[in-house]
Structure formats: structure tokens, C-alpha cells
Amino acid sequence: MPEQVFFALEAAANGLMTGVLYALVALGFVLIFKASGIFNFAQGVFALFAAMTLVGFQNGQIPFAHLINAIFGTSLHHFGWNMPTVLAILCTMAVMVLLAFLVERWVLKHLVNQEPIILFMATIGLAYFLEGFGDVMWGADIKKLDVGLPQGMSSAIDEATYSLFGYGFFIDRLDVVAAVVAAMLVVALMLFSQFTKYGRALRAVADDHQAALSVGISLRFIWVMVWAIAGFVALVAGMMWGTKMGVQFSLSLIALKALPVLMLGGFTSIPGAIVGGLIIGMGEQLFEFSVGPLVGGATQNWFAYMLALVFLVFRPQGLFGEKIIERV
Amino acid sequence: MFYREAGDFKTSYRDDAQTFPIAFDRLRYYLVLAVALGVIPFMINDYWANAVIVPFLIWSIAAIGLNILMGYAGQVSLGTGGFMAVGAYATFKLMTSFPDLNIVIIVVLSGFITAGVGVLFGLPSLRIKGFYLAVATLAAQFFLIWLFNRVGWFYNYSASGQINAPERTVLGIAVTGPASPPWAQYFICLFFVLVVAWMARNLTRGSVGRSWMAIRDMDIAAEIIGVNPLKAKLTAFAVSSFFIGIAGSLFFSVYLGAVEVGEAFGIEKSFIALFAVIIGGLGSIFGSFAGAAFMVLFPVLLKNILVNGLNWPTDLAAHIQLMVIGGLIIVFLILEPHGLAALWRVIKEKLRLWPFPH
Amino acid sequence: MKDGMDTDAEGYLTADGRKIGGVLMEMRNITLRFGGVVAIKDISFDIREGEIRAIIGPNGAGKSSMLNVINGFYHPQEGEVWFRGQKRGSVRPYDVARMGIARTFQNIALFKGMSTLDNIMTGRLTMTKTGLLSQALWWGKAEAEETYHREKAEKIIDFLEIQHIRKTPVGRLPYGLQKRVELGRALAAEPKLLLMGVVMDLSDRVVVMDYGRKIGDGTPDEVRANPEVINAYLGVAHD
């Protein structure tokens, strides 16, 4: 049945596009993990928070309006103007940088030299805090995000595939844009880490904290920088996901899928994050397509985690991680 | 009455290994027990049972379970909600398949079934560690919830997808179902809390507990001095899941009565247990109680102040609750990684020296 | 099973008159590689009952690797390990501990969150017989067993004179006391063979390693006179 093959191919193609978005979130994790050894569970909430802030700026929402109204009995909501998208994105970036600064100052600084698992749990606390904070600041209602990205079926791909195979592939234009943006972001990050002074400092810290300190690189500055970059990556991811499915809490759960992506790709490898994202994005679509109907569907909820779990049992260091020789 | 070890000599190692080595602690313990058995049952009403006491007891069991795994054996789990769901659905299937089976036996059996599932998901812990394992346990969380949501056999193909607890009695008194009185719900939960806490205490003061803690503190050295990591980790997963399964079973059958799995046992339940353990204190049975009390009482308190007291909207209060709990987790991890239990220990140590601190 | 024994199985008398018995452990042609790196190259030696046997060598010579092989933590690609007259198959470290081999570590490996007493009690984990259920219910056997092991542990605590820190978490103890606790933990296991860091002069016989090879084996005096050993320590260039 050639039709089935096309359906499967289409599912795979769509999965690849979703995978790109997973990879995008995963990038944020890798950056922070490489520079500080911290597994930032809050990365998904970062994306959510960035998207909320972006919508808030765009729509001229008054921050903390709910809280102010509750305390003073006012009924504030909007400033009454809309911010141009570009300006709103810049303002959101500023907020993410400020957030990175505060996280370093109020959380990380006090947890230096703690065990990784303690830091991990601290980022779970951070995720909770930031989720509540975002809700208090901007309200928890589902918001529509429109930054001018194209949406809907790509007729070009539809037509091209139709003329080739006699079957038109349904692919969302947003997914294509997201893939392109993600690819650009990856290239930009690689250029940054290879060719700029700060990028080199970042890699030095990732290689050896002590050595980096001894040649005068400020660890605190690097941490703020890397969390700010991760915040920026979160903003991009939040923009894509937010446009796709609205700005809402489940966004942070989807972003959580970057975790199995990383387990697959290895926590320290940028190519690993991308390959892992693609494998998981495609794998879960194909699995849902082939096995899903037999078992009740919605297998995307767990497929990524199970795949990562089974995979890790056989290769604990991930696809691209290095094998560790334990010493006593 | 002084809080003192002096003059309270132990003449045998057996005495020295007892749960409360200081006489005053023993007295306090009996006092709490007397209040729990002699006072609360007569005071308890629907509101207190539903809002505070029954959830506190059930979350204490779950927190003890997670603390065995995390605090004693050092294996982080984000799958508590999923394992509680196993306990709940095991109870539902047993209740509906064997209507004559006593509910106490059903709860215990549900614990054993959950222990089996826990061991299965604990197997990867032999190869992966730390936050890798934490993420792996998310697989259990998401897969189990999906399973109970999608596979009809588990909810007896009910149209709503919900499960409902039929009425079951102990000594002729209903403890599950809508007709069960609050004091009966309280007693059955209290019974399990006492048994679980006692067993957890026994396990953690003996050689099993030592093998867990050895793995937690330094797994390689533990293996070289003779701890089988497979056995230590899997027993930790089994015991932990056994307790968590009991908690899930009671949560469904006694407390909620009706359950929609995604709502009742979603990932946020995993976090409640995790936070209870962190705030209460890793590696402390007392801390598990303190943490559970905090996680149950704090939202009630906050809601009473903000919503009932200040007339703020409910959703705003809920958001502030998220912020405060998240913030507190960070504060505890920074200032007192051993939680409320450690704070309590510091106070006790001061008391030991009082009134002559120098 | 006398197959693994040395020919002079009867042992010998040390300079200070102690009687050294037959061969307890024998390493035969051990080679250990990590990828392309050879950590141990074709090393053989034996350890006798009652003997203080040293392995010395400069940093990176492969001493730790050798201890890890004895412990079953590393598995050599070539060679055989014989213990008490039996060839050891593929074993895990905890099996080795059960056979009666205990160890103290170069950079103290105590369980930091546990008290001195609990740390020493972990040394007796290999001898625990009661099961999970019995311990959970603390019935009869579990309690009796705990008390029995506690008595043994207390004897070691008395011997090492660390009664005052019995209930102190070891993480808070100074280095010297931690060393003592670690020794206590190893002694608690009542080992047939104890691996630990000792001064060479206390040894009866010494194996000298350098770059994964054995370059000397004999009494401390013999080893001191060995030119290759002197070169290894004074850093003469290797060819």
C-alpha cells in the first residue's frame, strides 16, 4: 500500500520538524550544563515565561495587574497601547538577561560546590517559582502569540510533493520556519563559541573550572552569560511553540521533552542535542502512527522518555557522550 | 523536666538502638500517640478530615516512601505520582474483582503490586545515576498515567474513564465510599501511617538501611566493602514503592473516592512528595512527617489568609503558592539541605545544654 | 585444590620471628588495559598468610589499578587471580568482599552522612543473614543479629579508642580520626586479606611497580638496593 508509506513519510517529516523544536529547547540545557554542570529543569518554564513576557509586552499588559488589583482594589489590565513586535522581543531579551543575573545572584552563587543533584533540585524549585511568578505577573490565561511568523499548510511543499509522488505532504509553514531558525541559532552559537573572546572563555570553563579561574576568567560572569544565552534560546523556543499552540502551561511540559532528547544525545554535545531532538521527534510520530492506533493513541506522552530510558540502560553515556572510567 | 541524656544510662546495646533514646523524646512520642488515638477521633469533622488530617496522613506515607529512596538510598525519583496511581488502580481492580476481600488486605496487596512495578522501573538505576535517573523516572510517571488513562481494562471500561471506590467496611464500619464517617477514614489512615513509620524506622536503623546509606554516600566504596548495589537499590525501590503504593491506594479509596488519573496522580503530585522530602529533611522519618504537614497545611493556610481573609481571587492565591513553595525549596537547599528535621535537631542540641550553654 | 600453590607452600619466618604461612593470594601474569593505555603489564606476585606485603611505586605506576584488580573493580584482560587455592572467576567487588578481602582507601572513602558506629557496622554487612521482612518487623532474629554485630563493632571501637565519636557523623571528624574509622570499618569485616596504605618498613616483602610493570620484588632491603627501583624513584629517563 503506497499510501501508507506516504502517510508514514509525512508523519516522519512532521516529526522531524517537531524534533527541531525539541532540539531548540535542548540546546539551552546543553549550554548551561556545559558551562556550569547544572541540569536546568527550569529551562521549559524559561521558554514559557519568555513567551508570556513577550505577549505581555506586545499587548501592553500591565505587569502584576492582578496582584495590584487585589491589593488596592483597582481594575488595571492594559496600558492601552501595543508594542511593536521587534521592540517587544528586545524588551523580553532584556528581561531574560535580568533573570539570568538574578538567578546567579540569588540561587547559584549560594550553591557553588554543592552536589549536582542538589543543584538539580534547586532548579525544580526555580521552575515552580518562575511558573508562579509568570502567572502573577502576566495572568495564567491561555494567550495567543503572533510575532508575524507564517502559519498554516505550506502549499509549496504540498504542490512539489504532489507533482513528485502524486501525494501532497501536509507540512506546517511554521515548522519549516522553526527548523530554519533553529539551524541558524545553532550555527550562530557555534560561531560564537569558536570565534569570540567570550565564547572561548565559555569553552575554557566547560573544560576545566579550576584552570579557567586560574587564568582570570570570572566564573560568575560566565554563568550569567550562559544563563542569559539559555534565556535567549528559551525565548526563541517559546516564540515557536507559543505561536504553534498558544502560550499556556503545557508549553513547559513539552519543553520537558528536551530532557529525554539530552539523555539520548548526551548532555555535553550540541550536535547530540540536535540529532537526539530529530530522533525523538521523528520516532514519536512514527510510533504514534504505527503503534498508537493499536494501544489507544497519545503515545507521544511517554514515548520519548521510554526510548531514552531503554537507550540509557544500554549506553549510559548517550550517543555522543564519552565513556567514563570510574576510579577509586 | 530537663531534656537530657545525663542520668539516662543505657545498659544494653538493644536499649541504645531504640527509636527514641532520650526519655523525654519517648514521653513526647507517647503524648503524640495519645492525642492521635484519644483526642483527634472525637474532635474530627468533615472539614478537618478532608482538608488537613487525612491528606496529611496519606502524604506522610508517600513522603516516607520517597524518603527511603531519595534520603536513604540516594536515588532521585520524579515518578511518585505514577507509583501512587499504580497503588490506586491496583486497589480499584482488587476491590471490584474480589468484593469480599478485606480492604486492609487490599491496601497491603496494592502496596506489593506497586513494589513490583517500582522494581521494574528501578532496574535502570543500576546503570544510570543522579539526574539521569531522575529523568528516567519521568518515564514511569508519564507511561503509567497514560496506561491507566488509555487502557480500558484498568478502569473497567467505565464510560467516564474514572474509577470509583465502592463501600468497604472494617469491623462493620465503612472506611471507603461516600457513607464512611471522617473518624473511620482517619483511623484507617492512622493505622497505616503507624505501621509504615514503624517499618521504615526498623529498616533504616538496621543493616538494610546501612547498605542503602552506603550506596547513597559513596556507591563505589560501598560495593568494595561488600554491598551488592543491585540488591541495595532494588530493595530501596521495592520498599519505597510499597509505601507509595499504600499511599496511592488510600488516596483513592479512602480520601478521594473517585479518581481521574491525570488529575489525581499527575506530575505535580510527584513534586508534592519531592518537596515534602526536601523541606522535611532528606533521610529523616520525622522529616517526612514535617514535610508532609507543611505541604498540606501551607496551601490551606495561604488560602485562608489570602482568599478568605483578604478576598483575593483564588487563582492569584494559587500562583503565589507556587512562587512561595518554589522559593522555599531553593531557600532550604541553600540554608538547610537537611530540612526541618535538621532545624529541629539544632533546637534539640541547644535544649540539651540549656540552661548552661557554656 | 593445590594447583594454585607455590612450591614452597610452607612459608617462612620473618626477621622479628613471626611465622608466615602459605600462599593466600596469587596474581598470575595480570595485564590491564584501558583502551590503548596499558595500566598493568604482565605482573605476577603472591601474598602469604600473615604477611605484610607492600606494593610501592611512583605516582601513576599502577598501584591503585592493581588494588582495583584485587578488589574485582577492574577486570584484567589477561592473567589469573588465585585466592585461597582457588582460581577466581569473573567476580564483582561485593563478591570479593565476601571472600574476605577488605580495603582502606588512599583518599578516605567513608560514608560521610553516617555516624562512626554506622560506618563500622557497614563493615559487617557481608555477614548479615536476616532478610528484608524480618528487619522491617524487627522480630526476633533481626534484633538479635543487630546486637551481635553491635558487640563486635564496639570491640573495634574500644580497640581504636574512638568511643567518644561513636555517634558523630564522620563528615565532621578530622582527617586522623577518619582514617581510624576507616580502618575500623575494614577490621569489622574480619578480613583474610586487608588492603591498605602502610609504611614500607613495616612490610615483610615489597612489590615495586613503575609504568604498569613490576620492577622489583623482595624484602625492603633488597628492594632498596635494586638499581631499577632507584632509577624509578629518582626519575631517570625511560627508554
# chains A, B, ... in the order shown; residues from 1 in each chain; ligands from 1
>>> select_by_dssp(residues="stretch 1-230 of chain C", states="alpha helix (DSSP H)", output="PyMOL selection string")
chain C and resi 63-71+93-99+116-122+132-137+141-160+175-188+220-225+227-230
>>> interface_residues(of="chain B", to="chain A", cutoff="8 Å", atoms="only C-alpha atoms", output="VMD selection string")
chain B and resid 124 127 to 128 130 to 132 135 to 136 138 to 139 142 to 143 146 150 to 151 220 to 221 311 to 313 316 318 to 330 333 to 334
>>> write_last_selection(atoms="C-alpha atoms", output="PDB file, in the first residue's frame")
ATOM      1  CA  PRO B 124      17.838   1.283  35.116  1.00  0.00           C
ATOM      2  CA  ARG B 127      23.314   1.772  35.036  1.00  0.00           C
ATOM      3  CA  ILE B 128      22.340   5.415  35.396  1.00  0.00           C
ATOM      4  CA  GLY B 130      21.779  11.217  39.653  1.00  0.00           C
ATOM      5  CA  PHE B 131      19.635  13.421  37.491  1.00  0.00           C
ATOM      6  CA  TYR B 132      19.884  10.955  34.609  1.00  0.00           C
ATOM      7  CA  VAL B 135      14.694  11.973  34.163  1.00  0.00           C
ATOM      8  CA  ALA B 136      14.362   8.237  33.622  1.00  0.00           C
ATOM      9  CA  LEU B 138       9.744  10.622  34.432  1.00  0.00           C
ATOM     10  CA  ALA B 139       9.245   7.734  32.003  1.00  0.00           C
ATOM     11  CA  PHE B 142       4.187   9.615  32.050  1.00  0.00           C
ATOM     12  CA  PHE B 143       3.864   5.998  30.934  1.00  0.00           C
ATOM     13  CA  TRP B 146      -1.038   7.137  30.061  1.00  0.00           C
ATOM     14  CA  ARG B 150      -5.948   4.714  27.830  1.00  0.00           C
ATOM     15  CA  VAL B 151      -6.254   1.035  28.578  1.00  0.00           C
ATOM     16  CA  ILE B 220      31.876   2.510  44.635  1.00  0.00           C
ATOM     17  CA  ALA B 221      33.279   2.206  48.143  1.00  0.00           C
ATOM     18  CA  ASN B 311     -10.666  38.456  49.495  1.00  0.00           C
ATOM     19  CA  TRP B 312      -8.049  37.912  46.825  1.00  0.00           C
ATOM     20  CA  PRO B 313      -9.001  35.774  43.816  1.00  0.00           C
ATOM     21  CA  LEU B 316      -3.877  34.513  42.343  1.00  0.00           C
ATOM     22  CA  ALA B 318      -2.643  29.525  43.781  1.00  0.00           C
ATOM     23  CA  HIS B 319       0.050  31.330  41.785  1.00  0.00           C
ATOM     24  CA  ILE B 320       1.524  32.891  44.893  1.00  0.00           C
ATOM     25  CA  GLN B 321       1.521  29.445  46.442  1.00  0.00           C
ATOM     26  CA  LEU B 322       3.657  28.148  43.554  1.00  0.00           C
ATOM     27  CA  MET B 323       6.074  31.025  43.996  1.00  0.00           C
ATOM     28  CA  VAL B 324       6.421  30.602  47.728  1.00  0.00           C
ATOM     29  CA  ILE B 325       6.877  26.837  47.603  1.00  0.00           C
ATOM     30  CA  GLY B 326       9.402  27.094  44.767  1.00  0.00           C
ATOM     31  CA  GLY B 327      11.229  29.829  46.634  1.00  0.00           C
ATOM     32  CA  LEU B 328      11.219  27.857  49.862  1.00  0.00           C
ATOM     33  CA  ILE B 329      12.721  24.826  48.113  1.00  0.00           C
ATOM     34  CA  ILE B 330      15.616  26.994  46.980  1.00  0.00           C
ATOM     35  CA  LEU B 333      18.535  23.756  49.697  1.00  0.00           C
ATOM     36  CA  ILE B 334      20.808  26.749  50.285  1.00  0.00           C
TER      37      ILE B 334
END
>>> interface_residues(of="chain C", to="chain A", cutoff="10 Å", atoms="only C-alpha atoms", output="count of residues only")
12
>>> closest_atom_pairs(of="chain B", to="chain C", cutoff="12 Å", atoms="only C-alpha atoms", output="tab-separated table")
residue	atom	partner	partner_atom	distance
B:Ser12	CA	C:Thr147	CA	8.9
B:Tyr13	CA	C:Thr147	CA	6.2
B:Arg14	CA	C:Thr147	CA	6.3
B:Asp15	CA	C:Thr147	CA	10.0
B:Asp16	CA	C:Thr147	CA	10.0
B:Ala17	CA	C:Thr147	CA	8.8
B:Gln18	CA	C:Glu143	CA	10.5
B:Thr19	CA	C:Trp138	CA	11.8
B:Gly71	CA	C:Gly113	CA	10.4
B:Tyr72	CA	C:Gly113	CA	9.7
B:Ala73	CA	C:Gly113	CA	11.5
B:Gly74	CA	C:Gly113	CA	11.1
B:Val195	CA	C:Leu137	CA	9.4
B:Val196	CA	C:Ala136	CA	9.4
B:Ala197	CA	C:Ala136	CA	10.2
B:Trp198	CA	C:Ala136	CA	8.1
B:Met199	CA	C:Ala136	CA	4.8
B:Ala200	CA	C:Ala136	CA	6.9
B:Arg201	CA	C:Ala136	CA	8.0
B:Asn202	CA	C:Ala136	CA	5.3
B:Leu203	CA	C:Ala136	CA	5.0
B:Thr204	CA	C:Ala136	CA	8.7
B:Arg205	CA	C:Asp118	CA	9.0
B:Gly206	CA	C:Glu146	CA	6.9
B:Ser207	CA	C:Leu125	CA	6.4
B:Val208	CA	C:Leu132	CA	7.1
B:Gly209	CA	C:Gln135	CA	9.7
B:Arg210	CA	C:Thr122	CA	6.3
B:Ser211	CA	C:Thr122	CA	7.0
B:Trp212	CA	C:Thr122	CA	10.3
B:Met213	CA	C:Met114	CA	7.4
B:Ala214	CA	C:Phe111	CA	5.8
B:Ile215	CA	C:Phe111	CA	8.6
B:Arg216	CA	C:Phe111	CA	8.2
B:Asp217	CA	C:Phe111	CA	5.1
B:Met218	CA	C:Phe111	CA	6.2
B:Asp219	CA	C:Phe111	CA	9.2
B:Ile220	CA	C:Phe73	CA	8.7
B:Ala221	CA	C:Ala109	CA	6.2
B:Ala222	CA	C:Tyr94	CA	8.3
B:Glu223	CA	C:Tyr94	CA	5.2
B:Ile224	CA	C:Pro93	CA	5.0
B:Ile225	CA	C:Ala97	CA	5.6
B:Gly226	CA	C:Tyr94	CA	3.9
B:Val227	CA	C:Tyr94	CA	5.7
B:Asn228	CA	C:Tyr94	CA	5.7
B:Pro229	CA	C:Tyr94	CA	8.5
B:Leu230	CA	C:Tyr94	CA	10.5
B:Lys231	CA	C:Leu132	CA	10.8
B:Ala232	CA	C:Leu132	CA	10.7
B:Leu234	CA	C:Leu132	CA	11.7
B:Thr235	CA	C:Leu132	CA	8.1
B:Ala236	CA	C:Leu132	CA	10.4
B:Ala238	CA	C:Leu132	CA	10.4
B:Val239	CA	C:Leu132	CA	9.1
B:Leu282	CA	C:Gly113	CA	10.8
B:Gly283	CA	C:Gly113	CA	9.4
B:Ser284	CA	C:Gly113	CA	11.9
B:His338	CA	C:Gly113	CA	10.9
>>> residues_around(residues="B:Tyr89", least_positions_apart="5", cutoff="10 Å", atoms="only C-alpha atoms", output="PyMOL selection string")
chain B and resi 83-84+94-95+110+114+148+154-155+163+245+248-249+252-253+259+261
>>> write_last_selection(atoms="N, CA and C atoms", output="PDB file, in the first residue's frame")
ATOM      1  N   PHE B  83       3.576   6.079  40.638  1.00  0.00           N
ATOM      2  CA  PHE B  83       3.540   4.907  41.513  1.00  0.00           C
ATOM      3  C   PHE B  83       2.322   4.946  42.431  1.00  0.00           C
ATOM      4  N   MET B  84       1.931   6.156  42.848  1.00  0.00           N
ATOM      5  CA  MET B  84       0.700   6.256  43.631  1.00  0.00           C
ATOM      6  C   MET B  84      -0.487   5.787  42.780  1.00  0.00           C
ATOM      7  N   LEU B  94      -8.643  -4.768  42.513  1.00  0.00           N
ATOM      8  CA  LEU B  94      -8.839  -5.791  43.551  1.00  0.00           C
ATOM      9  C   LEU B  94     -10.216  -5.642  44.204  1.00  0.00           C
ATOM     10  N   MET B  95     -10.613  -4.384  44.459  1.00  0.00           N
ATOM     11  CA  MET B  95     -11.913  -4.148  45.109  1.00  0.00           C
ATOM     12  C   MET B  95     -13.051  -4.659  44.234  1.00  0.00           C
ATOM     13  N   SER B 110      -2.021  -3.975  47.248  1.00  0.00           N
ATOM     14  CA  SER B 110      -1.728  -2.890  46.307  1.00  0.00           C
ATOM     15  C   SER B 110      -0.308  -2.386  46.505  1.00  0.00           C
ATOM     16  N   THR B 114       2.581  -2.386  43.647  1.00  0.00           N
ATOM     17  CA  THR B 114       3.357  -1.188  43.339  1.00  0.00           C
ATOM     18  C   THR B 114       4.851  -1.446  43.519  1.00  0.00           C
ATOM     19  N   PHE B 148      -3.073   4.021  32.498  1.00  0.00           N
ATOM     20  CA  PHE B 148      -4.341   3.967  33.232  1.00  0.00           C
ATOM     21  C   PHE B 148      -5.409   4.814  32.564  1.00  0.00           C
ATOM     22  N   PHE B 154      -8.098  -1.244  32.928  1.00  0.00           N
ATOM     23  CA  PHE B 154      -7.727  -0.713  34.238  1.00  0.00           C
ATOM     24  C   PHE B 154      -8.867   0.050  34.900  1.00  0.00           C
ATOM     25  N   TYR B 155      -9.721   0.692  34.093  1.00  0.00           N
ATOM     26  CA  TYR B 155     -10.846   1.400  34.720  1.00  0.00           C
ATOM     27  C   TYR B 155     -12.170   0.674  34.440  1.00  0.00           C
ATOM     28  N   ILE B 163     -12.423   6.041  37.962  1.00  0.00           N
ATOM     29  CA  ILE B 163     -12.631   4.881  38.826  1.00  0.00           C
ATOM     30  C   ILE B 163     -13.280   5.362  40.111  1.00  0.00           C
ATOM     31  N   GLY B 245       2.754   2.988  47.117  1.00  0.00           N
ATOM     32  CA  GLY B 245       1.559   2.297  46.638  1.00  0.00           C
ATOM     33  C   GLY B 245       0.452   2.319  47.678  1.00  0.00           C
ATOM     34  N   GLY B 248      -1.007   5.725  47.605  1.00  0.00           N
ATOM     35  CA  GLY B 248      -1.892   5.907  46.455  1.00  0.00           C
ATOM     36  C   GLY B 248      -3.210   5.176  46.653  1.00  0.00           C
ATOM     37  N   SER B 249      -3.124   3.986  47.222  1.00  0.00           N
ATOM     38  CA  SER B 249      -4.317   3.184  47.470  1.00  0.00           C
ATOM     39  C   SER B 249      -5.280   3.919  48.404  1.00  0.00           C
ATOM     40  N   PHE B 252      -6.839   7.114  46.857  1.00  0.00           N
ATOM     41  CA  PHE B 252      -8.000   6.832  46.003  1.00  0.00           C
ATOM     42  C   PHE B 252      -9.186   6.324  46.821  1.00  0.00           C
ATOM     43  N   SER B 253      -8.978   5.245  47.577  1.00  0.00           N
ATOM     44  CA  SER B 253     -10.136   4.553  48.148  1.00  0.00           C
ATOM     45  C   SER B 253     -10.735   5.306  49.326  1.00  0.00           C
ATOM     46  N   VAL B 259     -11.570   8.904  41.044  1.00  0.00           N
ATOM     47  CA  VAL B 259     -10.290   9.385  40.537  1.00  0.00           C
ATOM     48  C   VAL B 259     -10.284   9.437  39.015  1.00  0.00           C
ATOM     49  N   VAL B 261      -7.271   9.799  36.444  1.00  0.00           N
ATOM     50  CA  VAL B 261      -5.862   9.553  36.767  1.00  0.00           C
ATOM     51  C   VAL B 261      -4.954  10.756  36.512  1.00  0.00           C
TER      52      VAL B 261
END
>>> atom_distance(atom1="atom CA of A:Leu87", atom2="atom CA of A:Ala230")
19.9 Å
>>> residues_around(residues="C:Arg224", least_positions_apart="2", cutoff="12 Å", atoms="only C-alpha atoms", output="PyMOL selection string")
chain C and resi 56-57+200-201+205-208+215-222+226-233
>>> closest_residue(among="C:Ser90, C:Thr168, C:Ser203, C:Gln77", to="C:Gly35", atoms="only C-alpha atoms")
C:Gln77
>>> atom_distance(atom1="atom CA of B:Leu351", atom2="atom CA of B:Leu33")
22.7 Å
>>> residues_around(residues="A:Leu185", least_positions_apart="6", cutoff="10 Å", atoms="only C-alpha atoms", output="compact mmCIF listing (two decimals) with C-alpha atoms, in the first residue's frame")
# COMPACT_ATOMS: atom_id res chain seq x y z
CA LEU A 24 16.00 24.05 20.25
CA LEU A 27 20.28 23.50 23.25
CA ALA A 179 13.62 24.46 11.52
CA LEU A 191 30.40 30.68 15.66
CA VAL A 233 17.31 30.26 23.34
CA VAL A 236 13.20 31.62 20.57
>>> closest_residue(among="A:Leu145, A:Val226, A:Ala178, A:Ala47", to="A:Ala201", atoms="only C-alpha atoms")
A:Val226
>>> residues_around(residues="stretch 10-13 of chain C", least_positions_apart="6", cutoff="9 Å", atoms="only C-alpha atoms", output="ChimeraX atom specification")
/C:19-23,48-49
>>> atom_distance(atom1="atom CA of B:Asn156", atom2="atom CA of B:Ser97")
10.1 Å
>>> select_by_dssp(residues="stretch 54-194 of chain B", states="strand (DSSP E)", output="mmCIF file with N, CA and C atoms, in the first residue's frame")
data_model
loop_
_atom_site.group_PDB
_atom_site.id
_atom_site.type_symbol
_atom_site.label_atom_id
_atom_site.label_comp_id
_atom_site.auth_asym_id
_atom_site.auth_seq_id
_atom_site.Cartn_x
_atom_site.Cartn_y
_atom_site.Cartn_z
ATOM 1 N N ILE B 163 -12.423 6.041 37.962
ATOM 2 C CA ILE B 163 -12.631 4.881 38.826
ATOM 3 C C ILE B 163 -13.280 5.362 40.111
ATOM 4 N N ASN B 164 -14.179 4.550 40.639
ATOM 5 C CA ASN B 164 -14.886 4.900 41.871
ATOM 6 C C ASN B 164 -14.696 3.801 42.904
ATOM 7 N N THR B 169 -15.968 -2.165 54.428
ATOM 8 C CA THR B 169 -16.022 -1.942 55.870
ATOM 9 C C THR B 169 -14.874 -2.648 56.571
ATOM 10 N N VAL B 170 -14.514 -2.098 57.726
ATOM 11 C CA VAL B 170 -13.610 -2.768 58.650
ATOM 12 C C VAL B 170 -14.358 -2.866 59.973
ATOM 13 N N ILE B 173 -17.642 -1.104 60.052
ATOM 14 C CA ILE B 173 -17.730 0.348 59.848
ATOM 15 C C ILE B 173 -17.177 0.695 58.467
ATOM 16 N N ALA B 174 -17.926 1.489 57.723
ATOM 17 C CA ALA B 174 -17.482 1.852 56.380
ATOM 18 C C ALA B 174 -16.237 2.731 56.461
#
